[in-house]
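For reference, the structure discussed in these notes is given below.
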Amino acid sequence: MATPTPAQAPSEPPAPAAAEPRIQLRRVVKSFGPKRVLDGLDLSVAAGESMVVIGGSGTGKSVTLKHIIGLLKPDSGTVVVDGVAIEQLDNRRLTEFRRRFGMAFQEGALFDSMNVYDNVAFPLRRLSRKSAGEIRARVEECLEMVRMAGSETREISELSGGMRRRVGFARAIAHEPEILLFDEPTTGLDPVNTAMIGEVIRDIGERLKTTTVTITHDMQLAFRIADRIAMLDHGKIIAEAPPEEFKGLTDPRVQQFIHGDAEGPLSADQEERGAPARRPAAATH
Amino acid sequence: MDGSGASPLPGRSWPWKLFTGEVLSAVRQPGAFEEGSSFVEARMMTEGGAGRATPPSVADDGEGGESRAGGRGSLLPAPFARFLLQMGRFVDMLGRVFAWTPRPPYDWRELSRQMVKVGVSSTPVVLLTALFTGMVLALQTFTVLKRFNAESYVGSLVGLSMVRELAAVLSSLIVAGRAGSAMGAELGTMRVTEQIDALEVMATDPVHYLVVPRVWATVLMMPLLVALADGIGIFGGYLVSVVLMGSNPVSYLNTSFQFMNLNDLMSGLIKAAVFGLLLATIGCQQGFYTTGGAEGVGRSTTAAVVLASIAILAADFFLTKLLF
């Protein structure tokens, strides 16, 4: 299992677009009351690809992720995963279908009534027919992968924010899902923990050969882990490119987001390009 | 709302929506709305009227998730719509509990954990309440019955009141305040920290996993608690009458059980089980549909106690009418 982590791979060409996309959202519309959160969103993710969706707060990132895993259903449009339209599955088949997904939630969403071991073992007990010994081995393996080895007996309340996320990752990968979803994995973490999380996500993607969708507003993380980056604004994808290309996109909204400028098309009406960047990225945490 | 991209069946009538489960799925989404349905219009009034309807999934993205829709066209006045929504969710939750109960896996460990939580830890306060209720009842009836020279009937009065009515109602109210509120807070916290979503993602029905054991633990423990409360209440009455007022101990005990039959006892215990079902389901339901962070959890906890208490008192009337 000790595959060495090679240097950053974004320079490699992303998976060929000709292949059948693993995940495809087509013209997805979703409203909450009068607020239209997704407004004809199109997004496709190729098999084995690490897709990062970026966008500001309230642009519909979490909602997008919840559509992929069927926690929310689109008002119109369709979400196709492996050729199956998710929104048309009934509850039982949806539950069955979700076995191929692993999802890491924003703050970990760990069960605080259990310790670390039981949290990571939860999907194994629920989704697999492994014996107690196999479960133990798998839990240890997963915790090792997220650099939390030896923390099995700790209570959730004892863990720091970064640790919680990583235990959440371990829980998400425990049942060997083919598709991994990360919801804002670094929000509220310090730069060192952010870097650590980025490394862990890369590591997981390379070792498990999963298709990964990460949503974040953290540009550092995006460049660190993405094969492709898509930017979401007002419920639509406004730009999509591999990281290197993404940096060079001329769309003022993209540039504003990358440089973390207060002024620009994203916040106000005025369009101001090339403003001096105060900080290299939107990593304000 | 601009109408385009509305729900997939825009022109359908109400019965059709009920039939297709469209209403059900709308009821089941905590704080999330579907556009274009007249039912949802009413709901938006409701939640807008409540002040802070933040669809959790939108709130996740930070600010901007507020959807205040108060004042928009509605089928029904807001309080009535709110009442209907609560009733709908309650009936739905009850149905799901019954539907999931027979299905494996059976989580006996969780059931017994909840039984300890609901039953054992509520015992001291329930017994204390029963003791003082019995004592006060004896004091009050003694002074009144003495005017008719009927103080020997204090025992039967205290006994019957406790067994048929007071033990069940008072214990349920206390368990609603103790365990029902805890359920609301616990499930509410799990909802706002996405633990319930996490369960669903890991192919675990949250109602099956969280609500079923809590409801049945309460249904099983309430009659036991009430049986204990019956005994302690009668003991409290004995204490006051015999020790304080100097009644004859033998005749007190005689009259206590002279007019009591098994039906009296059973009706109290049946009530207790029904109240348990009500308070646990309401507590869980309030927590389950929590929206809006820590404040939302607080609201759910309060609502769990208030609604459960009202339900218990109302159900008590109808059960009494039914059982006698």
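Every chain in the structure tokens has a letter given in the order shown (A, B, ...), and although residue numbers restart at 1 in each chain, ligands are simply numbered from 1 in the order shown.
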> chain A residues within 7 Å of chain B, counting only C-alpha atoms: which ones, as a PyMOL selection string?
Replying inline: chain A and resi 29+31-35+57-58+60-63+75-76+95+98+109-111+123
> Residues at most 9 Å from Pro213 (chain B), counting only C-alpha atoms, excluding those fewer than 2 positions away in the same chain, as a PyMOL selection string?
Replying inline: chain B and resi 101+107-108+110-115+208-211+215-218
> Which of these, B:Phe142, B:Phe275, B:Phe288, B:Tyr153, has the shortest distance to Ser251 (chain B) once you count only C-alpha atoms?
Replying inline: B:Tyr153
> Can you tell me, as a VMD selection string, what residues are no more than 12 Å from Arg96 (chain B) when counting only C-alpha atoms, ignoring any on the same chain fewer than 2 positions away?
Replying inline: chain B and resid 24 28 89 to 94 98 to 103 205 to 212 215 281 285
> DSSP on the backbone: what in region 137-181 of chain A comes out strand (DSSP E or B), as an MDAnalysis selection string?
Replying inline: chainID A and resid 155 179:181
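In this model, the gap between CA of Val80 (chain A) and CA of Met51 (chain A) comes to 16.0 Å.
From CA of Arg214 (chain B) back to CA of Arg109 (chain B), the distance works out to 11.7 Å.
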Could you give me, as a PDB file with N, CA and C atoms, in the first residue's frame, the residues within 7 Å of region 188-199 of chain A, counting only C-alpha atoms and dropping anything in the same chain fewer than 3 positions from it?
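Below is the file part24.pdb, written as the result:
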```
ATOM      1  N   GLY A 162      -9.258  19.951  12.101  1.00  0.00           N
ATOM      2  CA  GLY A 162      -8.561  19.247  11.033  1.00  0.00           C
ATOM      3  C   GLY A 162      -8.632  17.741  11.199  1.00  0.00           C
ATOM      4  N   ARG A 202      -5.104  14.190  -2.232  1.00  0.00           N
ATOM      5  CA  ARG A 202      -4.314  13.715  -3.389  1.00  0.00           C
ATOM      6  C   ARG A 202      -3.947  12.252  -3.230  1.00  0.00           C
ATOM      7  N   ASP A 203      -3.462  11.975  -2.028  1.00  0.00           N
ATOM      8  CA  ASP A 203      -3.012  10.639  -1.698  1.00  0.00           C
ATOM      9  C   ASP A 203      -4.139   9.625  -1.886  1.00  0.00           C
ATOM     10  N   LEU A 221      -6.048  25.031  -2.212  1.00  0.00           N
ATOM     11  CA  LEU A 221      -6.443  23.630  -2.233  1.00  0.00           C
ATOM     12  C   LEU A 221      -6.819  23.203  -3.648  1.00  0.00           C
ATOM     13  N   ARG A 224      -3.905  22.560  -5.712  1.00  0.00           N
ATOM     14  CA  ARG A 224      -3.145  21.431  -5.209  1.00  0.00           C
ATOM     15  C   ARG A 224      -3.730  20.093  -5.654  1.00  0.00           C
ATOM     16  N   ILE A 225      -5.038  19.988  -5.703  1.00  0.00           N
ATOM     17  CA  ILE A 225      -5.625  18.661  -5.901  1.00  0.00           C
ATOM     18  C   ILE A 225      -6.334  18.473  -7.238  1.00  0.00           C
ATOM     19  N   HIS A 285      -8.048  31.801   5.690  1.00  0.00           N
ATOM     20  CA  HIS A 285      -8.108  31.104   6.985  1.00  0.00           C
ATOM     21  C   HIS A 285      -6.723  30.927   7.566  1.00  0.00           C
TER      22      HIS A 285
END
```
